[in-house]
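J.: Would you mind keeping the following structure in view while I ask a few things?
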Amino acid sequence: MADNLDKKYYKIGEVAQILNLPQSTLRFWEKKFTIIHPRRNDRGTRFYTPADIERLRMVHFLVHEKGLKIDAAISQVNNNRSNISRRFEVIERLKSIRATLSEILDAL
């Protein structure tokens with residue numbers, strides 16, 4: 001995980017900044033993907049948990065990094081969620097290892 005998610009809830013602006021996405025994309029994905037359902041207060045303000053953010057990262061991985069269209073990503077999430085989660089976790093770990101190795105190389 002690239003960012004340390006230490007708060008219990010995050011507002012949509014914070015999540016958009018963490019994922020480097022516009023807020024409108026998050027709202028659109030919330031309508032399309034059944035796995036994304038942030039809590040709302042009486043005013044309608046969205047509050048995302050760290051688990052919601054991880055699900056959004058998984059969708060981001062499918063749509064932006066794997067290049068799947070929305071319908072294909074929805075199908076992948078609905079039919080093969082556990083396999084996608086494992087692949088996503090492995091790729092995130094590898095990215096973290098790569099960043100650490102780059103830092104070590106730069107220090108030498």
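Ligands are numbered from 1 in the order shown, residues from 1 within each chain, and chains are lettered A, B, ... in the order they appear in the structure tokens.
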I need the residues in chain A that are alpha helix (DSSP H) according to DSSP; give them as a ChimeraX atom specification.

T.: /A:12-19,23-32,50-60,70-107

J.: Between A:Ile104, A:Lys69, A:Arg57, A:Val77, single out the one closest to Glu89 of chain A, counting only C-alpha atoms.

T.: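 Comparing A:Ile104, A:Lys69, A:Arg57, A:Val77 against Glu89 of chain A, the winner is A:Arg57.
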
J.: Between A:Ala99, A:Leu105, A:Leu19, A:Ala72, which residue has the minimum interatomic distance to Arg55 of chain A, considering only C-alpha atoms?

T.: A:Leu19

J.: When DSSP is applied to the backbone of this structure, which of chain A are assigned strand (DSSP E or B)? Write them out as a list in words.

T.: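 Restricting chain A to strand (DSSP E or B) produces Tyr10, Lys11, Arg39, Arg40, Arg46, Phe47 and Tyr48 of chain A.
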
J.: Write a file of the just-selected residues containing N, CA and C atoms, as a compact mmCIF listing (two decimals), in the first residue's frame.

T.:
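Full text of out26.txt as output:
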```txt
# COMPACT_ATOMS: atom_id res chain seq x y z
N TYR A 10 -12.56 8.75 5.25
CA TYR A 10 -11.99 9.77 4.38
C TYR A 10 -13.10 10.37 3.54
N LYS A 11 -13.04 11.68 3.33
CA LYS A 11 -14.00 12.34 2.44
C LYS A 11 -13.57 12.12 1.00
N ARG A 39 -20.18 5.21 3.05
CA ARG A 39 -21.24 5.66 3.95
C ARG A 39 -21.54 7.12 3.67
N ARG A 40 -22.74 7.52 4.01
CA ARG A 40 -23.13 8.92 3.85
C ARG A 40 -23.77 9.43 5.13
N ARG A 46 -20.04 11.79 1.41
CA ARG A 46 -19.52 10.43 1.36
C ARG A 46 -18.34 10.27 2.32
N PHE A 47 -18.32 9.14 3.00
CA PHE A 47 -17.21 8.81 3.89
C PHE A 47 -16.71 7.43 3.51
N TYR A 48 -15.46 7.37 3.05
CA TYR A 48 -14.84 6.13 2.60
C TYR A 48 -13.99 5.53 3.71
```

J.: With distances taken over only C-alpha atoms, which of A:Leu68, A:Phe33, A:Arg43, A:Ile53 is nearest to Glu14 of chain A?

T.: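 Looking only at the distances to Glu14 of chain A, the closest residue turns out to be A:Ile53.
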
J.: For Ala51 of chain A, work out the shell of residues within 10 Å, counting only C-alpha atoms and skipping chain neighbours fewer than 5 positions away, then give it as a list in words.

T.: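 Skipping anything fewer than 5 positions along the chain leaves Leu5, Lys8, Tyr9, Ile36, Pro38, Leu56 and Arg57 of chain A.
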
J.: One number please: atom CA of Gln76 of chain A to atom CA of Ile91 of chain A, in Å, one decimal.

T.: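 A separation of 16.9 Å between them.
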
J.: Which residue out of A:Ala107, A:Ile35, A:Leu94, A:Leu101 has the minimum interatomic distance to Ala73 of chain A when only C-alpha atoms are used?

T.: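 Answer, going by the shortest atom-to-atom distance: A:Ile35.
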
J.: Taking into account only C-alpha atoms, which residue in the set A:Ile70, A:Ile12, A:Leu21, A:Ile97 is nearest to Gly44 of chain A?

T.: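 Of the candidates, the smallest distance to Gly44 of chain A is held by A:Ile12.
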
J.: Return the single residue from A:Trp29, A:Pro22, A:Asn80, A:Asp71 that is closest to Val59 of chain A, with distances computed using only C-alpha atoms.

T.: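 Ranked by minimum distance to Val59 of chain A, first place goes to A:Trp29.
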
J.: Just the number, please: distance in Å from atom CA of Ser102 of chain A to atom CA of Pro50 of chain A, one decimal.

T.: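 Atom CA of Pro50 of chain A lies 27.2 Å from atom CA of Ser102 of chain A.
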
J.: How far is it from atom CA of Gly67 of chain A to atom CA of Leu26 of chain A, in Å with one decimal?

T.: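 These two atoms are separated by 17.1 Å.
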